[in-house]
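*Asks:* input_39.txt is reproduced below (compact mmCIF, C-alpha atoms and all ligand atoms).
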# COMPACT_ATOMS: atom_id res chain seq x y z
CA MET V 1 -6.48 -17.95 63.86
CA ALA V 2 -8.14 -17.41 67.23
CA VAL V 3 -7.12 -19.74 70.05
CA SER V 4 -9.54 -20.32 72.93
CA THR V 5 -8.54 -18.29 75.98
CA ASP V 6 -9.76 -21.01 78.38
CA LEU V 7 -7.15 -23.48 77.25
CA PRO V 8 -4.11 -24.12 79.42
CA TYR V 9 -0.70 -23.56 77.84
CA VAL V 10 1.87 -25.97 76.45
CA LEU V 11 5.31 -24.71 77.46
CA VAL V 12 7.88 -25.31 74.72
CA THR V 13 11.47 -24.99 75.92
CA GLY V 14 13.94 -24.38 73.10
CA GLY V 15 10.96 -23.32 70.98
CA THR V 16 12.91 -20.89 68.78
CA GLY V 17 15.30 -23.67 67.69
CA PHE V 18 15.10 -25.86 64.59
CA ILE V 19 12.81 -28.67 65.76
CA GLY V 20 11.10 -26.60 68.47
CA SER V 21 9.91 -23.87 66.10
CA HIS V 22 8.41 -26.38 63.65
CA THR V 23 6.67 -28.11 66.56
CA VAL V 24 5.26 -24.80 67.82
CA LEU V 25 3.74 -24.27 64.37
CA VAL V 26 2.08 -27.71 64.37
CA LEU V 27 0.81 -27.15 67.93
CA LEU V 28 -0.79 -23.83 66.97
CA SER V 29 -2.28 -25.26 63.79
CA GLN V 30 -3.97 -27.93 65.93
CA GLY V 31 -5.44 -25.36 68.30
CA PHE V 32 -3.00 -25.61 71.22
CA ARG V 33 -2.02 -22.54 73.21
CA VAL V 34 1.74 -22.16 73.42
CA VAL V 35 4.30 -20.28 75.46
CA VAL V 36 7.94 -20.48 74.40
CA VAL V 37 11.06 -20.12 76.53
CA ASP V 38 14.53 -20.04 75.03
CA ASN V 39 17.81 -18.34 75.96
CA LEU V 40 18.57 -17.75 72.24
CA SER V 41 22.02 -19.30 72.68
CA ASN V 42 21.61 -21.12 69.36
CA SER V 43 18.69 -19.29 67.77
CA CYS V 44 16.89 -15.96 67.46
CA GLU V 45 13.30 -14.75 67.76
CA GLU V 46 12.65 -14.51 64.02
CA PRO V 47 11.35 -18.11 63.65
CA LEU V 48 8.47 -17.11 65.93
CA ARG V 49 7.55 -14.26 63.57
CA ARG V 50 7.47 -16.80 60.73
CA VAL V 51 5.38 -19.19 62.85
CA GLU V 52 2.90 -16.40 63.66
CA LYS V 53 2.52 -15.68 59.97
CA LEU V 54 2.10 -19.30 58.91
CA ALA V 55 -0.35 -20.01 61.74
CA GLY V 56 -2.31 -16.81 61.00
CA LEU V 57 -1.99 -15.65 64.62
CA ARG V 58 -3.59 -12.29 65.36
CA GLU V 59 -1.36 -11.55 68.29
CA LYS V 60 2.27 -12.17 69.24
CA LEU V 61 3.19 -15.63 70.39
CA PRO V 62 4.14 -15.51 74.10
CA PHE V 63 7.93 -15.74 74.33
CA HIS V 64 10.27 -15.39 77.30
CA ARG V 65 14.01 -15.18 76.95
CA VAL V 66 14.88 -17.39 79.88
CA ASP V 67 17.82 -19.69 80.50
CA LEU V 68 16.69 -22.97 82.07
CA THR V 69 19.61 -22.76 84.47
CA ASP V 70 17.94 -19.60 85.87
CA LYS V 71 15.36 -21.18 88.14
CA GLU V 72 13.78 -17.90 89.24
CA GLY V 73 13.28 -16.87 85.61
CA LEU V 74 11.60 -20.18 84.93
CA ARG V 75 9.37 -19.93 88.01
CA ASP V 76 8.25 -16.51 86.80
CA VAL V 77 6.99 -18.05 83.57
CA PHE V 78 5.12 -20.79 85.46
CA ARG V 79 3.54 -18.09 87.65
CA GLN V 80 2.32 -16.12 84.64
CA TYR V 81 0.74 -18.94 82.62
CA ASN V 82 -1.58 -21.81 83.39
CA ILE V 83 0.74 -24.50 82.02
CA SER V 84 -0.54 -28.07 81.68
CA SER V 85 2.34 -29.74 79.84
CA VAL V 86 5.87 -29.18 78.61
CA ILE V 87 7.75 -30.13 75.46
CA HIS V 88 11.41 -29.91 76.39
CA PHE V 89 13.79 -29.20 73.49
CA ALA V 90 16.21 -26.76 75.13
CA ALA V 91 19.72 -28.20 75.10
CA LEU V 92 23.16 -27.76 73.61
CA LYS V 93 23.57 -30.41 70.92
CA ALA V 94 27.00 -30.31 69.25
CA VAL V 95 28.76 -33.62 69.84
CA GLY V 96 32.29 -32.32 69.09
CA GLU V 97 31.87 -29.20 71.22
CA SER V 98 30.64 -31.34 74.11
CA VAL V 99 33.92 -33.25 74.11
CA LYS V 100 35.79 -29.95 74.50
CA LYS V 101 33.37 -28.35 76.98
CA PRO V 102 31.81 -31.24 78.92
CA LEU V 103 31.04 -29.22 82.04
CA ALA V 104 29.20 -26.56 80.06
CA TYR V 105 27.09 -29.33 78.51
CA TYR V 106 26.32 -30.99 81.84
CA ARG V 107 25.47 -27.62 83.41
CA ASN V 108 23.27 -26.46 80.57
CA ASN V 109 21.50 -29.69 79.69
CA VAL V 110 21.37 -31.59 82.97
CA ALA V 111 21.09 -28.68 85.42
CA GLY V 112 18.56 -27.01 83.10
CA THR V 113 16.44 -30.17 83.11
CA LEU V 114 16.66 -30.49 86.90
CA ASN V 115 15.42 -26.91 87.26
CA LEU V 116 12.60 -27.59 84.82
CA MET V 117 11.52 -30.76 86.61
CA ASP V 118 11.71 -29.02 90.00
CA THR V 119 9.63 -26.13 88.75
CA MET V 120 7.10 -28.44 87.12
CA THR V 121 6.79 -30.27 90.45
CA GLU V 122 6.34 -27.02 92.35
CA PHE V 123 3.52 -25.95 90.02
CA SER V 124 1.98 -29.46 89.77
CA VAL V 125 2.67 -29.76 86.05
CA LYS V 126 3.34 -33.45 85.48
CA ASN V 127 3.25 -33.97 81.72
CA ILE V 128 6.44 -33.83 79.67
CA VAL V 129 7.60 -34.79 76.18
CA PHE V 130 11.37 -34.90 75.99
CA SER V 131 13.76 -34.52 73.01
CA SER V 132 16.04 -37.46 73.23
CA SER V 133 18.33 -38.90 70.63
CA ALA V 134 19.47 -42.10 68.96
CA THR V 135 22.85 -41.16 70.37
CA VAL V 136 21.84 -42.76 73.71
CA TYR V 137 22.13 -46.25 72.18
CA GLU V 138 25.31 -48.23 72.52
CA ALA V 139 27.30 -47.74 69.33
CA VAL V 140 27.37 -51.36 68.26
CA TYR V 141 25.74 -52.20 64.98
CA GLU V 142 25.05 -55.81 64.17
CA GLY V 143 23.05 -55.20 61.03
CA LEU V 144 19.84 -54.55 62.95
CA PRO V 145 17.81 -51.35 63.38
CA LEU V 146 17.89 -49.98 66.94
CA ARG V 147 14.94 -50.84 69.16
CA GLU V 148 13.87 -48.93 72.26
CA ASP V 149 15.08 -51.81 74.44
CA ASN V 150 18.56 -51.95 72.91
CA PRO V 151 21.47 -51.50 75.33
CA LEU V 152 22.30 -47.88 76.13
CA GLY V 153 25.73 -46.30 76.25
CA CYS V 154 27.06 -43.05 74.88
CA THR V 155 30.38 -42.06 73.41
CA SER V 156 30.21 -38.29 74.00
CA PRO V 157 29.39 -35.95 76.88
CA TYR V 158 26.46 -34.67 74.78
CA GLY V 159 25.07 -38.20 74.54
CA ARG V 160 25.54 -38.72 78.25
CA THR V 161 23.62 -35.53 79.02
CA LYS V 162 20.68 -36.96 77.03
CA LEU V 163 20.91 -40.24 78.92
CA PHE V 164 21.11 -38.44 82.28
CA MET V 165 18.16 -36.23 81.35
CA GLU V 166 16.09 -39.29 80.40
CA THR V 167 17.08 -40.94 83.68
CA ILE V 168 16.22 -37.90 85.79
CA ILE V 169 12.78 -37.75 84.19
CA LYS V 170 12.25 -41.52 84.60
CA ASP V 171 13.17 -41.43 88.30
CA ALA V 172 10.87 -38.46 88.91
CA VAL V 173 7.98 -40.25 87.18
CA GLU V 174 8.56 -43.33 89.33
CA ALA V 175 8.92 -41.37 92.56
CA ALA V 176 5.63 -39.48 92.50
CA GLU V 177 2.05 -40.07 91.47
CA GLY V 178 0.53 -38.55 88.38
CA TRP V 179 3.52 -38.00 86.10
CA ASN V 180 3.43 -38.83 82.41
CA ALA V 181 6.57 -38.60 80.30
CA ILE V 182 7.43 -39.56 76.75
CA MET V 183 11.03 -39.75 75.59
CA LEU V 184 11.31 -39.30 71.82
CA ARG V 185 14.61 -40.60 70.47
CA TYR V 186 15.16 -38.96 67.11
CA PHE V 187 17.48 -40.29 64.45
CA ASN V 188 18.66 -37.72 61.84
CA PRO V 189 16.28 -34.77 61.43
CA THR V 190 16.50 -32.68 58.26
CA GLY V 191 14.26 -30.84 55.78
CA ALA V 192 12.33 -27.65 56.46
CA HIS V 193 8.78 -26.33 56.44
CA GLU V 194 7.31 -26.70 52.95
CA SER V 195 6.73 -22.93 52.68
CA GLY V 196 10.50 -22.38 52.61
CA THR V 197 10.14 -19.75 55.33
CA MET V 198 11.33 -21.91 58.24
CA GLY V 199 14.25 -24.27 58.53
CA GLU V 200 17.53 -25.04 60.22
CA ALA V 201 19.86 -22.06 60.65
CA PRO V 202 23.23 -23.30 61.90
CA GLN V 203 25.08 -20.53 63.72
CA GLN V 204 28.56 -21.84 63.01
CA GLN V 205 30.52 -21.23 59.81
CA PHE V 206 30.85 -24.94 59.09
CA PRO V 207 27.69 -26.88 60.03
CA ASN V 208 28.33 -30.05 62.07
CA ASN V 209 25.65 -32.14 60.44
CA LEU V 210 25.66 -33.47 56.92
CA MET V 211 22.53 -31.97 55.37
CA PRO V 212 22.97 -28.30 56.34
CA TYR V 213 26.52 -28.63 55.03
CA VAL V 214 25.30 -30.14 51.73
CA ALA V 215 22.70 -27.35 51.41
CA GLN V 216 25.36 -24.66 51.91
CA VAL V 217 27.55 -26.26 49.23
CA ALA V 218 24.54 -26.38 46.90
CA ILE V 219 23.94 -22.64 47.36
CA GLY V 220 27.66 -21.86 46.90
CA LYS V 221 28.43 -20.70 50.46
CA LEU V 222 30.86 -23.58 50.98
CA PRO V 223 33.07 -25.02 48.23
CA GLU V 224 32.62 -28.77 48.70
CA VAL V 225 31.24 -31.44 51.00
CA HIS V 226 33.81 -33.38 52.99
CA VAL V 227 32.62 -36.98 53.00
CA PHE V 228 33.94 -38.55 56.17
CA GLY V 229 35.18 -41.96 55.09
CA SER V 230 34.42 -44.23 52.12
CA ASP V 231 35.64 -47.50 53.63
CA TYR V 232 32.64 -48.33 55.82
CA ASN V 233 30.89 -51.64 55.51
CA THR V 234 27.95 -50.16 53.55
CA ARG V 235 26.70 -50.34 49.95
CA ASP V 236 28.96 -47.52 48.71
CA GLY V 237 31.42 -47.32 51.62
CA THR V 238 29.94 -44.13 53.14
CA GLY V 239 27.96 -43.90 56.40
CA VAL V 240 24.29 -44.90 56.48
CA ARG V 241 21.83 -42.91 58.59
CA ASP V 242 18.06 -42.80 59.06
CA TYR V 243 16.86 -39.32 58.04
CA ILE V 244 13.49 -37.93 59.14
CA HIS V 245 11.70 -34.80 57.91
CA VAL V 246 11.44 -32.11 60.60
CA MET V 247 7.71 -31.71 59.95
CA ASP V 248 7.14 -35.45 60.52
CA LEU V 249 9.10 -35.04 63.74
CA ALA V 250 7.06 -31.99 64.76
CA GLU V 251 3.81 -33.87 64.15
CA ALA V 252 5.08 -36.79 66.24
CA HIS V 253 5.57 -34.44 69.20
CA VAL V 254 1.96 -33.35 69.05
CA ILE V 255 0.81 -36.98 68.88
CA ALA V 256 2.99 -37.70 71.94
CA LEU V 257 1.62 -34.67 73.77
CA LYS V 258 -1.95 -35.88 73.26
CA ARG V 259 -0.98 -39.36 74.50
CA LEU V 260 0.22 -37.91 77.83
CA THR V 261 -3.41 -37.51 78.85
CA GLU V 262 -3.90 -41.30 78.58
CA ASN V 263 -1.73 -41.85 81.69
CA HIS V 264 0.83 -44.32 80.43
CA GLY V 265 3.51 -43.14 82.88
CA TYR V 266 7.03 -43.25 81.40
CA GLU V 267 7.44 -44.28 77.75
CA ILE V 268 10.13 -44.24 75.08
CA PHE V 269 9.67 -44.07 71.32
CA ASN V 270 12.13 -44.00 68.45
CA LEU V 271 11.38 -41.55 65.67
CA GLY V 272 12.84 -42.47 62.31
CA SER V 273 11.80 -44.04 59.02
CA GLY V 274 13.41 -47.47 59.36
CA THR V 275 15.33 -46.98 56.10
CA GLY V 276 18.84 -45.69 55.66
CA GLN V 277 20.70 -43.57 53.14
CA THR V 278 24.42 -43.30 52.53
CA VAL V 279 26.21 -39.95 52.50
CA LEU V 280 26.67 -40.20 48.72
CA GLU V 281 22.97 -40.99 48.22
CA MET V 282 22.07 -37.89 50.22
CA ILE V 283 24.39 -35.73 48.12
CA ARG V 284 23.04 -37.25 44.91
CA THR V 285 19.37 -36.71 45.86
CA MET V 286 20.03 -33.12 46.90
CA SER V 287 21.89 -32.53 43.64
CA GLU V 288 18.96 -33.94 41.60
CA VAL V 289 16.45 -31.85 43.51
CA CYS V 290 18.29 -28.55 43.08
CA GLY V 291 19.58 -29.31 39.59
CA ARG V 292 23.14 -28.39 40.52
CA ASP V 293 26.40 -30.23 40.91
CA ILE V 294 27.37 -30.66 44.54
CA PRO V 295 31.15 -31.13 44.65
CA TYR V 296 32.61 -33.38 47.33
CA THR V 297 35.91 -34.88 48.43
CA ILE V 298 36.51 -38.08 50.32
CA ASP V 299 38.17 -37.32 53.67
CA PRO V 300 39.26 -39.61 56.49
CA ARG V 301 36.63 -40.99 58.87
CA ARG V 302 35.35 -38.64 61.58
CA ALA V 303 36.28 -39.80 65.07
CA GLY V 304 33.43 -41.60 66.81
CA ASP V 305 31.35 -42.33 63.67
CA ILE V 306 30.10 -45.84 62.92
CA ASP V 307 29.00 -47.35 59.61
CA THR V 308 25.23 -47.58 60.04
CA ILE V 309 22.59 -46.21 62.43
CA LEU V 310 19.03 -47.28 61.66
CA CYS V 311 15.77 -46.86 63.52
CA GLU V 312 13.31 -49.64 64.31
CA PRO V 313 10.13 -47.52 64.02
CA SER V 314 7.46 -50.15 64.73
CA LYS V 315 6.78 -49.25 68.38
CA ALA V 316 5.91 -45.66 67.39
CA ALA V 317 3.76 -46.99 64.54
CA LYS V 318 1.90 -49.43 66.75
CA GLU V 319 1.41 -47.37 69.89
CA LEU V 320 1.51 -43.75 68.69
CA GLY V 321 0.11 -44.43 65.22
CA PHE V 322 3.07 -42.47 63.89
CA VAL V 323 4.71 -43.25 60.57
CA VAL V 324 6.78 -40.86 58.47
CA ARG V 325 4.83 -39.26 55.63
CA ARG V 326 7.60 -37.36 53.86
CA ASP V 327 10.28 -39.10 51.80
CA LEU V 328 13.88 -38.25 51.06
CA LYS V 329 13.02 -36.25 47.93
CA GLN V 330 10.70 -34.06 49.93
CA MET V 331 13.28 -33.58 52.69
CA CYS V 332 15.76 -32.37 50.07
CA ALA V 333 13.22 -30.27 48.16
CA ASP V 334 12.04 -28.49 51.31
CA LEU V 335 15.60 -28.01 52.57
CA TRP V 336 16.58 -26.55 49.21
CA ARG V 337 13.56 -24.18 49.13
CA TRP V 338 14.52 -22.90 52.60
CA GLN V 339 18.22 -22.59 51.71
CA GLN V 340 17.49 -20.81 48.44
CA THR V 341 15.07 -18.25 49.85
CA ASN V 342 17.01 -17.76 53.11
CA PRO V 343 20.68 -18.20 52.19
CA ASN V 344 21.73 -16.59 55.47
CA GLY V 345 19.19 -18.36 57.65
CA TYR V 346 17.02 -15.99 59.71
CA GLU V 347 19.40 -13.03 59.39
P1 LIG H 401 18.52 -26.10 68.32
O1 LIG H 401 19.85 -25.73 68.85
O2 LIG H 401 18.07 -25.50 67.03
O3 LIG H 401 17.38 -25.85 69.42
C1 LIG H 401 17.64 -25.91 70.80
C2 LIG H 401 17.19 -24.60 71.40
O4 LIG H 401 17.42 -24.64 72.82
C3 LIG H 401 17.96 -23.39 70.88
O5 LIG H 401 17.04 -22.43 70.42
C4 LIG H 401 18.76 -22.87 72.09
O6 LIG H 401 18.91 -21.48 72.06
C5 LIG H 401 17.91 -23.37 73.23
N1 LIG H 401 18.63 -23.58 74.49
C6 LIG H 401 19.77 -24.29 74.70
N2 LIG H 401 20.09 -24.27 75.99
C7 LIG H 401 19.14 -23.55 76.64
C8 LIG H 401 18.93 -23.17 78.00
N3 LIG H 401 19.77 -23.50 78.96
N4 LIG H 401 17.84 -22.44 78.30
C9 LIG H 401 16.95 -22.06 77.34
N5 LIG H 401 17.12 -22.38 76.05
C10 LIG H 401 18.19 -23.12 75.68
O7 LIG H 401 18.50 -27.71 68.20
P2 LIG H 401 17.43 -28.67 67.54
O8 LIG H 401 18.09 -29.36 66.41
O9 LIG H 401 16.15 -27.98 67.34
O10 LIG H 401 17.32 -29.74 68.71
C11 LIG H 401 16.28 -29.68 69.67
C12 LIG H 401 16.45 -30.81 70.63
O11 LIG H 401 16.47 -32.04 69.94
C13 LIG H 401 17.76 -30.76 71.44
O12 LIG H 401 17.47 -31.16 72.76
C14 LIG H 401 18.63 -31.79 70.76
O13 LIG H 401 19.55 -32.35 71.66
C15 LIG H 401 17.60 -32.81 70.32
N6 LIG H 401 18.02 -33.61 69.15
C16 LIG H 401 18.41 -32.97 68.02
C17 LIG H 401 18.83 -33.72 66.92
C18 LIG H 401 19.30 -33.04 65.67
O14 LIG H 401 20.04 -33.67 64.90
N7 LIG H 401 18.92 -31.81 65.39
C19 LIG H 401 18.82 -35.12 66.99
C20 LIG H 401 18.39 -35.73 68.17
C21 LIG H 401 18.00 -34.96 69.25
C1 LIG H 402 25.60 -38.12 59.13
C2 LIG H 402 26.57 -38.87 58.22
C3 LIG H 402 28.88 -38.60 58.86
C4 LIG H 402 29.01 -34.30 58.03
C5 LIG H 402 24.52 -36.48 64.81
C6 LIG H 402 24.69 -36.65 66.30
C7 LIG H 402 23.47 -37.33 66.88
C8 LIG H 402 22.19 -36.58 66.48
C9 LIG H 402 22.12 -36.35 65.02
C10 LIG H 402 21.62 -35.03 68.24
C11 LIG H 402 27.70 -39.57 58.98
C12 LIG H 402 28.61 -37.97 57.50
C13 LIG H 402 28.63 -35.61 58.19
C14 LIG H 402 29.91 -33.96 56.99
C15 LIG H 402 29.95 -36.28 56.34
N1 LIG H 402 22.12 -35.29 67.09
N2 LIG H 402 29.09 -36.58 57.35
N3 LIG H 402 30.35 -34.98 56.19
O1 LIG H 402 26.66 -38.14 63.18
O2 LIG H 402 24.61 -39.43 62.40
O3 LIG H 402 24.37 -37.77 64.19
O4 LIG H 402 23.32 -35.72 64.56
O5 LIG H 402 21.19 -35.77 69.05
O6 LIG H 402 23.65 -37.35 68.25
O7 LIG H 402 25.84 -37.47 66.53
O8 LIG H 402 24.79 -36.97 61.90
O9 LIG H 402 24.71 -35.33 60.10
O10 LIG H 402 26.74 -35.39 61.59
O11 LIG H 402 26.37 -37.26 59.99
O12 LIG H 402 30.39 -37.15 55.57
O13 LIG H 402 30.30 -32.80 56.82
O14 LIG H 402 27.21 -37.92 57.37
O15 LIG H 402 30.14 -39.22 58.87
O16 LIG H 402 27.98 -40.77 58.30
P1 LIG H 402 25.22 -38.16 62.92
P2 LIG H 402 25.66 -36.13 60.91
Translate this file's structure into structure tokens.

*Replies:*
Amino acid sequence: MAVSTDLPYVLVTGGTGFIGSHTVLVLLSQGFRVVVVDNLSNSCEEPLRRVEKLAGLREKLPFHRVDLTDKEGLRDVFRQYNISSVIHFAALKAVGESVKKPLAYYRNNVAGTLNLMDTMTEFSVKNIVFSSSATVYEAVYEGLPLREDNPLGCTSPYGRTKLFMETIIKDAVEAAEGWNAIMLRYFNPTGAHESGTMGEAPQQQFPNNLMPYVAQVAIGKLPEVHVFGSDYNTRDGTGVRDYIHVMDLAEAHVIALKRLTENHGYEIFNLGSGTGQTVLEMIRTMSEVCGRDIPYTIDPRRAGDIDTILCEPSKAAKELGFVVRRDLKQMCADLWRWQQTNPNGYE
């Protein structure tokens, strides 16, 4: 595919990561010009090769291995490209690790975002879509899906970095003319590109999140799923979450990016389906899709977990025109295709 050389660039930070790489693909397929920066701390360059292939790019996708905490490195990228907007994914995201290494999380996520916002200001780039998370909501569940105006409050340093990053962006938007920013609060992303050539590639031996763990049990890399608690107040006693296909999420970013040009200032949108699945339902659906038994044991609850986290998706539906298009079966089928054809991720 040929992309017009007059177009300004969309800078995607964290664009070699799981959600970032899928978003880069959707951007390219809709004719956007993209430059990616990533420090490869939780990824590698290979997803970009897969993106190039899927998007039919004739030349290499511009990529710069830059750490957002390196302001000079970042400024160099802004000097080289005519950037009009930024989608900011780059962050450390492991909740448990953030409890052990809070300062590293604050430095990486918060200081990185400050550098990015400073550099955007210096180069008069005032459009940003930001990867936020349902984790910013106060962890009280009263049987209702979470709305964008629910009380905020985080239980981990990771969550607090997301809240601080949102706040930094909000204050910057309010302090100067011309900024447009959209915070996208995702619930539980999973799935993979339908080709099976792109997906989530956890770097650690034991994935933190449920679905990559389930996929690795399905392929035989791990012996069994540890289900964290079966005494929650839910239909089968296991935790309920709102899962969203990564390609739906990627498409939502491009919708948000286009909305930045409408000058709405600072906005927040939840991204989820509005329906929840228990851990056992997720295991069962994955098992049906791959036609294999997925062994599991019931373990004690994981510290910090709550019974149910559900998204209220109507604001995104009404104002962004975004609704999820891919169901749970498709999330599992696409995840399984990726896991089967790439048992060791991008290695
Ligand atoms: P990921 O780890 O696959 O992608 C993040 C990317 O950012 C990685 O490629 C990493 O190398 C890069 N990065 C980290 N720190 C950097 C720095 N200082 N400079 C440059 N690059 C840096 O994670 P993901 O699942 O794709 O998540 C993307 C974003 O979405 C993150 O901000 C995450 O907090 C947020 N989010 C993720 C989830 C989820 O469950 N996956 C849920 C809600 C929000
Ligand atoms: C889902 C359910 C677990 C693993 C996390 C972050 C959140 C956001 C998304 C970034 C829960 C259960 C899990 C396992 C299990 N990330 N589980 N065995 O905790 O909803 O959200 O990822 O912003 O901030 O906290 O997702 O996939 O870890 O857990 O039984 O091996 O699966 O108890 O009920 P979570 P998860």

*Asks:* Counting all atoms listed in the file, find residues at most 12 Å from (14.0, -34.2, 48.7) (file frame) and give them as an MDAnalysis selection string.

*Replies:* chainID V and resid 190:192 194 211 215 243:245 281:291 326:338

*Asks:* Please identify all protein, DNA and RNA residues within 9 Å of ligand LIG 402 (chain H), counting all atoms listed in the file, and report them as a PyMOL selection string.

*Replies:* chain V and resi 93-96+131-136+156+158-159+162+185-190+206-214+225-230+238-243+278-280+282+298-299+301-309

*Asks:* Compute the set of protein, DNA and RNA residues whose minimum atom distance to ligand LIG 401 (chain H) is at most 7 Å, using only C-alpha atoms and all ligand atoms, and state it as an NGL selection string.

*Replies:* :V and (13-20 or 37-43 or 66-69 or 89-93 or 108-109 or 112 or 131-134 or 185-189 or 200)

*Asks:* If I put a ball of radius 12 Å at (1.3, -50.1, 72.6) in the file's coordinates, which residues poke into it when counting only C-alpha atoms, written as a list in words?

*Replies:* Arg259, Glu262, His264, Glu267, Ile268, Phe269, Ser314, Lys315, Ala316, Ala317, Lys318, Glu319, Leu320, Gly321 and Phe322 of chain V

*Asks:* Could you tell me how far CA of His88 (chain V) sits from CA of Tyr105 (chain V), in Å to one decimal place?

*Replies:*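 Separation of CA of Tyr105 (chain V) and CA of His88 (chain V): 15.8 Å.
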
*Asks:* What does the distance from CA of Gly276 (chain V) to CA of Cys311 (chain V) come to in Å, to one decimal?

*Replies:* 8.5 Å

*Asks:* What's around Gly265 (chain V) at 12 Å? Count only C-alpha atoms, leave out sequence neighbours fewer than 2 positions away in its own chain, and write the answer as a PyMOL selection string.

*Replies:* chain V and resi 126-129+169-183+259-263+267-268

*Asks:* Please compute the CA of Lys100 (chain V)-CA of Thr113 (chain V) distance, one decimal, in Å.

*Replies:*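 One can read the CA of Lys100 (chain V) to CA of Thr113 (chain V) distance as 21.2 Å.
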
*Asks:* Between V:Val77, V:Val35, V:Leu25, V:Ile294, which is the closest to Glu52 (chain V) once you count only C-alpha atoms?

*Replies:*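 Ranking V:Val77, V:Val35, V:Leu25, V:Ile294 by distance to Glu52 (chain V), first place goes to V:Leu25.
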